[in-house]
$ cat model-v6.txt   # compact mmCIF, C-alpha atoms
# COMPACT_ATOMS: atom_id res chain seq x y z
CA MET A 62 0.00 0.00 0.00
CA THR A 63 2.83 2.39 0.82
CA GLU A 64 4.35 1.80 -2.63
CA VAL A 65 1.04 2.51 -4.36
CA ALA A 66 0.57 5.73 -2.35
CA SER A 67 4.05 6.96 -3.24
CA LEU A 68 3.45 6.27 -6.95
CA LEU A 69 0.19 8.25 -6.84
CA ARG A 70 1.91 11.21 -5.17
CA GLU A 71 4.65 11.22 -7.82
CA SER A 72 2.16 11.08 -10.74
CA ILE A 73 0.01 13.90 -9.30
CA GLY A 74 3.09 16.05 -8.77
CA SER A 75 4.27 15.56 -12.35
CA VAL A 76 0.81 16.45 -13.74
CA CYS A 77 0.67 19.64 -11.67
CA LYS A 78 4.11 20.67 -12.90
CA ASP A 79 3.02 20.11 -16.51
CA GLU A 80 -0.26 22.04 -16.15
CA ILE A 81 1.06 25.02 -14.17
CA ASP A 82 3.29 27.28 -16.25
CA LEU A 83 5.58 29.15 -13.90
CA THR A 84 7.24 31.27 -16.63
CA PRO A 85 6.49 35.00 -16.43
CA PRO A 86 3.85 36.26 -18.93
CA ALA A 87 5.09 37.86 -22.13
CA LYS A 88 4.69 41.59 -22.58
CA ARG A 89 1.55 42.74 -24.40
CA VAL A 90 2.16 43.35 -28.09
CA LYS A 91 1.56 46.93 -29.18
CA MET A 92 -1.37 46.64 -31.58
CA GLU A 93 -1.39 50.10 -33.04
CA SER A 94 1.52 52.01 -34.48
CA GLU A 95 1.91 55.74 -34.21
CA ALA A 96 0.92 56.18 -37.87
CA GLU A 97 -2.35 54.31 -37.30
CA LYS A 98 -3.14 56.52 -34.33
CA VAL A 99 -2.51 59.64 -36.40
CA ASP A 100 -4.79 58.32 -39.17
CA GLU A 101 -7.51 57.56 -36.65
CA LYS A 102 -7.30 61.06 -35.18
CA ARG A 103 -7.43 62.57 -38.65
CA GLU A 104 -10.51 60.53 -39.55
CA ARG A 105 -12.22 61.66 -36.36
CA LEU A 106 -11.37 65.28 -37.17
CA GLU A 107 -12.67 64.91 -40.73
CA SER A 108 -15.93 63.37 -39.55
CA ARG A 109 -16.45 66.23 -37.08
CA LEU A 110 -15.70 68.83 -39.76
CA ILE A 111 -18.11 67.16 -42.19
CA SER A 112 -20.90 67.18 -39.59
CA VAL A 113 -20.25 70.87 -38.84
CA LEU A 114 -19.95 72.03 -42.47
CA SER A 115 -22.87 70.01 -43.89
CA CYS A 116 -26.02 71.60 -45.28
CA VAL A 117 -28.74 71.99 -42.63
CA ILE A 118 -31.41 70.89 -45.13
CA CYS A 119 -30.02 67.86 -47.00
CA PHE A 120 -27.24 67.06 -44.44
CA ASP A 121 -24.75 66.50 -47.26
CA LEU A 122 -21.41 68.21 -47.68
CA PRO A 123 -21.94 70.97 -50.29
CA SER A 124 -20.03 70.66 -53.55
CA GLY A 125 -20.67 74.17 -54.93
CA SER A 126 -21.62 77.55 -53.53
CA ILE A 127 -22.57 77.67 -49.85
CA TYR A 128 -25.02 80.21 -48.45
CA GLN A 129 -25.75 81.12 -44.85
CA CYS A 130 -28.68 82.68 -43.06
CA LEU A 131 -28.42 85.66 -40.71
CA HIS A 132 -27.40 83.33 -37.86
CA GLY A 133 -24.77 81.45 -39.86
CA HIS A 134 -26.58 78.19 -40.69
CA LEU A 135 -25.15 76.74 -43.90
CA MET A 136 -27.11 75.69 -46.99
CA CYS A 137 -25.92 74.29 -50.31
CA ILE A 138 -26.90 76.19 -53.45
CA GLY A 139 -29.42 73.52 -54.50
CA CYS A 140 -31.32 73.56 -51.20
CA PHE A 141 -31.10 77.36 -50.99
CA ASN A 142 -32.75 77.80 -54.38
CA HIS A 143 -35.30 75.07 -53.64
CA LEU A 144 -36.24 76.80 -50.38
CA LEU A 145 -36.80 80.13 -52.15
CA ALA A 146 -38.71 78.43 -54.98
CA ASP A 147 -41.03 76.69 -52.50
CA ALA A 148 -41.72 80.01 -50.82
CA ARG A 149 -42.49 81.59 -54.20
CA LEU A 150 -45.00 78.85 -55.04
CA LYS A 151 -46.64 79.04 -51.61
CA ASN A 152 -46.60 82.86 -51.59
CA GLU A 153 -44.81 82.79 -48.24
CA GLN A 154 -41.59 84.14 -46.78
CA ALA A 155 -38.73 81.62 -46.93
CA GLN A 156 -37.26 80.74 -43.54
CA CYS A 157 -34.19 78.92 -42.29
CA PRO A 158 -35.24 75.43 -41.12
CA SER A 159 -32.90 75.67 -38.11
CA CYS A 160 -33.60 79.11 -36.61
CA ARG A 161 -36.66 80.32 -38.60
CA ALA A 162 -34.85 83.48 -39.67
CA ASP A 163 -36.17 85.05 -42.87
CA ILE A 164 -34.22 84.09 -45.98
CA SER A 165 -33.98 85.97 -49.25
CA SER A 166 -31.40 86.62 -51.92
CA LYS A 167 -30.66 89.97 -50.27
CA ASN A 168 -30.14 89.04 -46.62
CA SER A 169 -28.34 85.74 -47.30
CA SER A 170 -24.69 85.68 -48.30
CA ARG A 171 -22.12 83.19 -49.50
CA ASN A 172 -19.59 81.84 -47.00
CA LEU A 173 -16.32 81.74 -48.97
CA ALA A 174 -14.28 80.51 -46.00
CA VAL A 175 -16.45 77.41 -45.64
CA GLU A 176 -16.38 76.84 -49.41
CA LYS A 177 -12.57 76.81 -49.40
CA ALA A 178 -12.44 74.58 -46.32
CA VAL A 179 -14.85 72.07 -47.87
CA SER A 180 -12.90 72.05 -51.15
CA GLU A 181 -9.74 70.98 -49.30
CA LEU A 182 -11.33 68.15 -47.33
CA PRO A 183 -10.19 64.73 -48.63
CA THR A 184 -12.49 62.33 -50.39
CA TYR A 185 -12.14 59.17 -52.45
CA CYS A 186 -12.35 58.64 -56.19
CA ARG A 187 -15.43 56.58 -57.00
CA TYR A 188 -13.47 54.54 -59.56
CA CYS A 189 -9.97 53.89 -58.15
CA GLU A 190 -10.78 54.76 -54.49
CA ASP A 191 -7.62 56.88 -54.16
CA GLU A 192 -7.77 59.89 -51.85
CA PHE A 193 -7.75 63.45 -53.23
CA PRO A 194 -8.90 66.90 -52.13
CA ARG A 195 -12.49 67.54 -53.16
CA ASN A 196 -11.52 70.33 -55.55
CA GLN A 197 -9.36 67.89 -57.56
CA ILE A 198 -11.83 65.01 -57.78
CA PRO A 199 -13.83 66.21 -60.85
CA PHE A 200 -10.72 66.63 -63.01
CA HIS A 201 -9.22 63.35 -61.78
CA GLU A 202 -12.37 61.30 -62.44
CA LYS A 203 -12.86 62.88 -65.86
CA SER A 204 -9.32 62.89 -67.27
CA LYS A 205 -6.73 61.20 -65.08
CA CYS A 206 -8.16 58.11 -63.39
CA ASP A 207 -7.12 54.85 -65.05
CA GLN A 208 -10.25 53.14 -63.72
CA ARG A 209 -12.73 55.63 -65.20
CA PRO A 210 -15.32 54.27 -67.68
CA ALA A 211 -14.35 54.44 -71.34
CA CYS A 212 -15.79 53.43 -74.71
CA CYS A 213 -14.18 51.92 -77.75
CA GLU A 214 -12.59 54.25 -80.30
CA TYR A 215 -14.78 52.62 -82.95
CA LYS A 216 -18.04 53.50 -81.21
CA GLY A 217 -19.04 55.41 -84.34
CA LEU A 218 -18.94 52.13 -86.26
CA GLY A 219 -21.26 50.42 -83.79
CA CYS A 220 -18.92 48.89 -81.20
CA THR A 221 -20.74 48.83 -77.85
CA TRP A 222 -17.77 47.84 -75.67
CA VAL A 223 -17.55 49.71 -72.36
CA GLY A 224 -14.72 49.16 -69.91
CA VAL A 225 -12.10 50.93 -67.84
CA HIS A 226 -9.70 53.40 -69.42
CA HIS A 227 -6.50 51.35 -69.10
CA GLN A 228 -8.12 48.49 -71.06
CA VAL A 229 -8.98 50.61 -74.11
CA GLU A 230 -5.67 50.08 -75.88
CA SER A 231 -5.78 46.30 -75.53
CA HIS A 232 -9.42 46.22 -76.67
CA VAL A 233 -8.74 48.35 -79.75
CA LYS A 234 -6.12 45.83 -80.89
CA ASP A 235 -8.68 43.02 -80.71
CA CYS A 236 -11.74 44.99 -81.89
CA LEU A 237 -13.40 43.37 -84.92
CA PHE A 238 -15.28 46.41 -86.22
CA PRO A 239 -12.37 47.93 -88.23
CA GLN A 240 -12.08 44.66 -90.18
CA LYS A 241 -15.79 44.45 -91.05
CA CYS A 242 -16.99 45.25 -94.55
CA GLY A 243 -19.12 48.28 -95.33
CA ALA A 244 -22.32 46.27 -95.75
CA ASP A 245 -22.04 44.92 -92.19
CA LEU A 246 -21.44 48.40 -90.76
CA LEU A 247 -24.13 50.18 -92.76
CA GLU A 248 -27.00 49.45 -90.36
CA ASN A 249 -25.12 50.70 -87.29
CA VAL A 250 -23.87 53.79 -89.11
CA ASN A 251 -27.40 54.66 -90.25
CA ILE A 252 -28.71 54.49 -86.67
CA ILE A 253 -25.96 56.80 -85.44
CA ALA A 254 -26.42 59.13 -88.41
CA ALA A 255 -30.16 59.43 -87.72
CA GLU A 256 -29.44 60.91 -84.29
CA SER A 257 -27.05 63.51 -85.69
CA ASN A 258 -29.37 64.26 -88.62
CA GLU A 259 -32.09 65.39 -86.21
CA GLU A 260 -29.76 67.99 -84.73
CA LEU A 261 -28.56 68.96 -88.21
CA ARG A 262 -32.16 69.46 -89.35
CA ARG A 263 -32.77 71.80 -86.44
CA TYR A 264 -29.84 73.99 -87.44
CA GLN A 265 -30.87 73.93 -91.08
CA ASP A 266 -34.35 75.16 -90.14
CA LEU A 267 -32.77 77.95 -88.13
CA PHE A 268 -30.55 79.05 -91.03
CA GLN A 269 -33.57 78.97 -93.32
CA MET A 270 -35.52 81.24 -90.96
CA LEU A 271 -32.63 83.72 -90.97
CA SER A 272 -33.42 84.34 -94.63
CA TYR A 273 -36.93 85.63 -93.81
CA GLU A 274 -37.67 89.22 -94.67
CA LYS A 275 -39.03 90.21 -91.26
CA ILE A 276 -37.11 89.06 -88.19
CA THR A 277 -37.13 90.59 -84.74
CA ASN A 278 -35.96 89.80 -81.23
CA CYS A 279 -36.91 91.14 -77.85
CA ASP A 280 -35.34 90.75 -74.42
CA ILE A 281 -38.25 89.87 -72.17
CA GLN A 282 -38.62 89.92 -68.40
CA LEU A 283 -41.14 87.57 -66.82
CA CYS A 284 -42.52 88.96 -63.56
CA PRO A 285 -44.40 86.83 -60.98
CA SER A 286 -48.12 87.35 -60.41
CA ARG A 287 -51.11 85.54 -58.89
CA SER A 288 -54.37 84.43 -60.48
CA ASP A 289 -57.82 85.47 -59.22
CA ASP A 290 -58.83 81.90 -58.38
CA TYR A 291 -60.07 80.85 -54.94
CA ILE A 292 -56.63 79.35 -54.42
CA PRO A 293 -54.34 81.82 -56.22
CA LYS A 294 -51.88 80.20 -58.59
CA LEU A 295 -48.47 81.53 -59.50
CA TYR A 296 -47.84 82.57 -63.08
CA TYR A 297 -45.39 84.85 -64.87
CA GLU A 298 -46.13 87.52 -67.46
CA THR A 299 -44.14 90.09 -69.40
CA ASN A 300 -44.99 93.66 -70.19
CA LYS A 301 -46.32 94.35 -73.66
CA PHE A 302 -43.67 94.56 -76.35
CA THR A 303 -43.82 95.50 -80.02
CA ALA A 304 -43.02 93.16 -82.91
CA PHE A 305 -44.16 93.42 -86.53
CA ASP A 306 -46.23 96.53 -85.68
CA GLN A 307 -48.28 94.56 -83.16
CA LEU A 308 -48.37 94.32 -79.36
CA TRP A 309 -47.46 91.00 -77.78
CA THR A 310 -46.99 89.50 -74.37
CA ILE A 311 -45.70 86.19 -73.01
CA LYS A 312 -47.23 84.24 -70.15
CA ALA A 313 -45.48 81.38 -68.33
CA LYS A 314 -46.65 78.85 -65.75
CA VAL A 315 -44.94 76.39 -63.41
CA VAL A 316 -45.47 72.68 -64.00
CA GLY A 317 -45.16 70.97 -60.61
CA ASN A 318 -46.14 72.29 -57.18
CA GLU A 319 -44.08 72.81 -54.02
CA LYS A 320 -44.23 69.11 -53.13
CA ILE A 321 -42.43 68.05 -56.32
CA ALA A 322 -38.66 68.33 -56.63
CA ALA A 323 -38.60 68.18 -60.45
CA ARG A 324 -40.28 71.32 -61.78
CA SER A 325 -40.45 72.90 -65.22
CA LEU A 326 -41.71 76.03 -66.95
CA SER A 327 -44.05 76.38 -69.93
CA TYR A 328 -44.82 79.52 -71.91
CA GLN A 329 -47.26 80.85 -74.50
CA LEU A 330 -47.14 83.81 -76.88
CA ILE A 331 -50.20 86.10 -76.85
CA LEU A 332 -51.23 88.64 -79.48
CA LYS A 333 -52.70 91.83 -78.00
CA GLY A 334 -53.57 93.50 -81.30
CA LYS A 335 -55.71 92.52 -84.29
CA GLY A 336 -54.98 90.77 -87.55
CA ASN A 337 -53.81 87.45 -88.91
CA HIS A 338 -50.13 86.62 -88.47
CA GLU A 339 -48.30 83.33 -88.87
CA ILE A 340 -45.26 83.42 -86.61
CA LYS A 341 -42.29 81.17 -85.96
CA TYR A 342 -40.61 81.82 -82.62
CA PHE A 343 -38.39 80.33 -79.94
CA LEU A 344 -36.89 81.32 -76.59
CA THR A 345 -33.15 81.48 -76.01
CA LYS A 346 -30.70 82.78 -73.44
CA GLY A 347 -30.52 86.56 -73.40
CA PRO A 348 -27.86 89.06 -72.28
CA PHE A 349 -29.54 89.56 -68.89
CA GLY A 350 -30.15 85.90 -68.04
CA ASP A 351 -27.80 83.03 -67.29
CA ALA A 352 -30.09 80.00 -67.71
CA LYS A 353 -29.18 78.01 -70.81
CA ILE A 354 -31.98 76.79 -73.08
CA SER A 355 -32.12 74.27 -75.89
CA PRO A 356 -34.07 76.32 -78.48
CA GLU A 357 -37.15 74.62 -79.90
CA THR A 358 -38.87 76.40 -82.79
CA GLN A 359 -42.65 76.78 -82.50
CA ARG A 360 -45.12 77.82 -85.20
CA PHE A 361 -48.57 79.32 -84.71
CA GLU A 362 -51.09 81.25 -86.80
CA PHE A 363 -52.61 84.10 -84.78
CA ARG A 364 -56.11 85.21 -85.73
CA ASP A 365 -58.73 87.51 -84.24
CA ASP A 366 -60.54 84.50 -82.78
CA ASN A 367 -57.38 82.73 -81.62
CA LYS A 368 -54.81 85.08 -80.15
CA GLU A 369 -53.11 82.72 -77.69
CA SER A 370 -50.69 80.01 -78.73
CA ASP A 371 -50.43 76.66 -76.99
CA TYR A 372 -48.18 76.27 -73.97
CA HIS A 373 -44.71 74.97 -74.83
CA HIS A 374 -42.08 73.50 -72.55
CA ILE A 375 -39.01 75.65 -71.84
CA ALA A 376 -36.18 73.16 -72.38
CA LEU A 377 -33.63 74.15 -69.74
CA THR A 378 -30.30 72.34 -70.11
CA GLU A 379 -29.92 71.98 -66.32
CA GLU A 380 -32.76 70.56 -64.21
CA THR A 381 -31.77 72.70 -61.21
CA ASP A 382 -32.12 75.90 -63.25
CA CYS A 383 -35.90 75.88 -62.78
CA ASN A 384 -35.63 76.33 -59.00
CA ARG A 385 -32.95 78.97 -59.54
CA LEU A 386 -35.25 80.90 -61.88
CA LEU A 387 -38.18 80.64 -59.46
CA ALA A 388 -35.96 81.84 -56.63
CA ALA A 389 -35.08 85.02 -58.54
CA ARG A 390 -37.32 88.07 -58.63
CA THR A 391 -37.67 88.03 -62.41
CA ILE A 392 -36.87 85.63 -65.25
CA ASN A 393 -35.00 86.98 -68.26
CA PHE A 394 -35.01 85.42 -71.73
CA ARG A 395 -34.77 86.53 -75.34
CA ILE A 396 -37.45 85.65 -77.88
CA MET A 397 -36.71 85.39 -81.58
CA MET A 398 -39.70 85.93 -83.90
CA PHE A 399 -40.00 85.32 -87.64
CA LEU A 400 -42.94 86.46 -89.76
CA VAL A 401 -43.96 83.77 -92.24
CA LYS A 402 -45.02 85.05 -95.66
CA LYS A 403 -48.38 83.83 -96.92

$ encode --input "model-v6.txt" --output "structure tokens"
Amino acid sequence: MTEVASLLRESIGSVCKDEIDLTPPAKRVKMESEAEKVDEKRERLESRLISVLSCVICFDLPSGSIYQCLHGHLMCIGCFNHLLADARLKNEQAQCPSCRADISSKNSSRNLAVEKAVSELPTYCRYCEDEFPRNQIPFHEKSKCDQRPACCEYKGLGCTWVGVHHQVESHVKDCLFPQKCGADLLENVNIIAAESNEELRRYQDLFQMLSYEKITNCDIQLCPSRSDDYIPKLYYETNKFTAFDQLWTIKAKVVGNEKIAARSLSYQLILKGKGNHEIKYFLTKGPFGDAKISPETQRFEFRDDNKESDYHHIALTEETDCNRLLAARTINFRIMMFLVKK
């Protein structure tokens, strides 16, 4: 029994020695380097700056002009114009959503210091994900980034390949369209030519109208007014102007109310005198306005029993220009008019 007890004590002692590690613990490994700490602090600073410099309406960091109310609350140019346009449609005074201070084009000013600070904040390219200052991102994504989308050089022949910019050269070497015969390319070329022919036809019509005997233009100013309805509606109207020995006026209306983000303008030409006149006309950008328009020629025969033309869409090249025009006191365009001989 004594021998068995001694063997048990020896086995238990050896197991305890194996299980218990008496060596001192190793020092804790430093997980973060100094550079990582600096990057983390910089990211925290950037996030705080972005939250401070963001627009109080859309909560995004502005990319263009930045306006501020009387108490310094920041608004991007899109939200600023939209706020003024909503107030114009509702016939109310625009107010800052943060402090309820009155907002107008006169008492609100641009904050150039914030604009410069925002332009220097870093951001990432959406194609290559490299970091650049915000003021360099548009040029980089358009002209410098190797990962930007690109089309084949033979797109005009019908090649529909789309890839990244650095793959264009290798694709062009393997592209089959340059080796195709004319009969195979004819269908694709005709489709592409039809699109350009429509634009060419528009310019040809314009040059033809320039040969008319009687041509006139007038710089018009559309002023806001309200209808006499139970719920007054906003419309714009010019003063009377003279063309072809007759008095004319232009009326415009807003398509889309204050609850719709996408708005547009339509206009009609109205004869204030008497007589029959067949007129071709179109609106274009004038010397006192900055909204660009894609001119669309309209034709209408004015008679004593029909002095108002149909409403026609004003084709603004930028969708945001409509809110900018509504935010302004007046809207300035130039109308070109051509008298059609009978």

$ atom_distance --input "model-v6.txt" --atom1 "atom CA of Ser204 of chain A" --atom2 "atom CA of Glu379 of chain A"
22.5 Å

$ residues_around --input "model-v6.txt" --residues "Phe141 of chain A" --least-positions-apart "3" --cutoff "9 Å" --atoms "all atoms listed in the file" --output "list in words"
Ile118, Ile127, Tyr128, Gln129, Met136, Cys137, Ile138, Leu144, Leu145, Ala146, Ile164, Arg385 and Ala388 of chain A

$ atom_distance --input "model-v6.txt" --atom1 "atom CA of Asp266 of chain A" --atom2 "atom CA of Asn251 of chain A"
21.6 Å

$ residues_near_point --input "model-v6.txt" --point "(-13.5, 72.9, -51.1)" --cutoff "8 Å" --atoms "all atoms listed in the file" --output "PyMOL selection string"
chain A and resi 124+175-182+194-196

$ closest_residue --input "model-v6.txt" --among "A:Leu400, A:Cys189, A:Cys213, A:Ile253" --to "Asp235 of chain A" --atoms "only C-alpha atoms"
A:Cys213

$ atom_distance --input "model-v6.txt" --atom1 "atom CA of Thr381 of chain A" --atom2 "atom CA of Ile292 of chain A"
26.6 Å

$ closest_residue --input "model-v6.txt" --among "A:Asn152, A:Ala174, A:Glu259, A:Lys205" --to "Ser288 of chain A" --atoms "all atoms listed in the file"
A:Asn152

$ residues_around --input "model-v6.txt" --residues "Leu283 of chain A" --least-positions-apart "4" --cutoff "9 Å" --atoms "all atoms listed in the file" --output "ChimeraX atom specification"
/A:297-300,311-313,391-394

$ closest_residue --input "model-v6.txt" --among "A:Asp366, A:Arg390, A:Leu326, A:Leu271" --to "Lys341 of chain A" --atoms "only C-alpha atoms"
A:Leu271

$ closest_residue --input "model-v6.txt" --among "A:Glu362, A:Glu339, A:Glu357, A:Asp280" --to "Arg263 of chain A" --atoms "all atoms listed in the file"
A:Glu357

$ residues_around --input "model-v6.txt" --residues "Pro183 of chain A" --least-positions-apart "6" --cutoff "12 Å" --atoms "all atoms listed in the file" --output "ChimeraX atom specification"
/A:103-104,106-108,110-111,122,190-198

$ write_last_selection --input "model-v6.txt" --atoms "C-alpha atoms" --output "compact mmCIF listing (two decimals), in the frame of the given file"
# COMPACT_ATOMS: atom_id res chain seq x y z
CA ARG A 103 -7.43 62.57 -38.65
CA GLU A 104 -10.51 60.53 -39.55
CA LEU A 106 -11.37 65.28 -37.17
CA GLU A 107 -12.67 64.91 -40.73
CA SER A 108 -15.93 63.37 -39.55
CA LEU A 110 -15.70 68.83 -39.76
CA ILE A 111 -18.11 67.16 -42.19
CA LEU A 122 -21.41 68.21 -47.68
CA GLU A 190 -10.78 54.76 -54.49
CA ASP A 191 -7.62 56.88 -54.16
CA GLU A 192 -7.77 59.89 -51.85
CA PHE A 193 -7.75 63.45 -53.23
CA PRO A 194 -8.90 66.90 -52.13
CA ARG A 195 -12.49 67.54 -53.16
CA ASN A 196 -11.52 70.33 -55.55
CA GLN A 197 -9.36 67.89 -57.56
CA ILE A 198 -11.83 65.01 -57.78

$ closest_residue --input "model-v6.txt" --among "A:Cys279, A:Gly317, A:Ile331, A:Thr303" --to "Pro348 of chain A" --atoms "all atoms listed in the file"
A:Cys279

$ closest_residue --input "model-v6.txt" --among "A:Glu214, A:Glu274, A:Glu369, A:Asp245" --to "Ser231 of chain A" --atoms "all atoms listed in the file"
A:Glu214

$ residues_around --input "model-v6.txt" --residues "Phe361 of chain A" --least-positions-apart "3" --cutoff "12 Å" --atoms "all atoms listed in the file" --output "ChimeraX atom specification"
/A:329-332,337-343,358,364,367-373,398-401

$ build_atoms --input "model-v6.txt" --residues "segment 346-357 of chain A" --atoms "N, CA and C atoms" --output "PDB file, keeping the file's coordinate frame"
ATOM      1  N   LYS A 346     -31.366  82.030 -74.513  1.00  0.00           N
ATOM      2  CA  LYS A 346     -30.700  82.780 -73.440  1.00  0.00           C
ATOM      3  C   LYS A 346     -30.429  84.208 -73.910  1.00  0.00           C
ATOM      4  N   GLY A 347     -30.730  85.162 -73.061  1.00  0.00           N
ATOM      5  CA  GLY A 347     -30.520  86.560 -73.400  1.00  0.00           C
ATOM      6  C   GLY A 347     -29.322  87.144 -72.679  1.00  0.00           C
ATOM      7  N   PRO A 348     -29.024  88.421 -72.914  1.00  0.00           N
ATOM      8  CA  PRO A 348     -27.860  89.060 -72.280  1.00  0.00           C
ATOM      9  C   PRO A 348     -28.047  89.299 -70.788  1.00  0.00           C
ATOM     10  N   PHE A 349     -29.288  89.281 -70.303  1.00  0.00           N
ATOM     11  CA  PHE A 349     -29.540  89.560 -68.890  1.00  0.00           C
ATOM     12  C   PHE A 349     -29.919  88.306 -68.103  1.00  0.00           C
ATOM     13  N   GLY A 350     -29.855  87.162 -68.719  1.00  0.00           N
ATOM     14  CA  GLY A 350     -30.150  85.900 -68.040  1.00  0.00           C
ATOM     15  C   GLY A 350     -28.985  84.945 -68.165  1.00  0.00           C
ATOM     16  N   ASP A 351     -28.907  83.991 -67.266  1.00  0.00           N
ATOM     17  CA  ASP A 351     -27.800  83.030 -67.290  1.00  0.00           C
ATOM     18  C   ASP A 351     -28.275  81.585 -67.403  1.00  0.00           C
ATOM     19  N   ALA A 352     -29.571  81.365 -67.549  1.00  0.00           N
ATOM     20  CA  ALA A 352     -30.090  80.000 -67.710  1.00  0.00           C
ATOM     21  C   ALA A 352     -30.002  79.599 -69.177  1.00  0.00           C
ATOM     22  N   LYS A 353     -29.363  78.476 -69.440  1.00  0.00           N
ATOM     23  CA  LYS A 353     -29.180  78.010 -70.810  1.00  0.00           C
ATOM     24  C   LYS A 353     -30.400  77.202 -71.258  1.00  0.00           C
ATOM     25  N   ILE A 354     -30.798  77.428 -72.511  1.00  0.00           N
ATOM     26  CA  ILE A 354     -31.980  76.790 -73.080  1.00  0.00           C
ATOM     27  C   ILE A 354     -31.607  76.083 -74.363  1.00  0.00           C
ATOM     28  N   SER A 355     -32.216  74.933 -74.589  1.00  0.00           N
ATOM     29  CA  SER A 355     -32.120  74.270 -75.890  1.00  0.00           C
ATOM     30  C   SER A 355     -33.267  74.798 -76.754  1.00  0.00           C
ATOM     31  N   PRO A 356     -32.979  75.676 -77.727  1.00  0.00           N
ATOM     32  CA  PRO A 356     -34.070  76.320 -78.480  1.00  0.00           C
ATOM     33  C   PRO A 356     -34.909  75.310 -79.251  1.00  0.00           C
ATOM     34  N   GLU A 357     -36.210  75.456 -79.159  1.00  0.00           N
ATOM     35  CA  GLU A 357     -37.150  74.620 -79.900  1.00  0.00           C
ATOM     36  C   GLU A 357     -38.116  75.546 -80.641  1.00  0.00           C
TER      37      GLU A 357
END
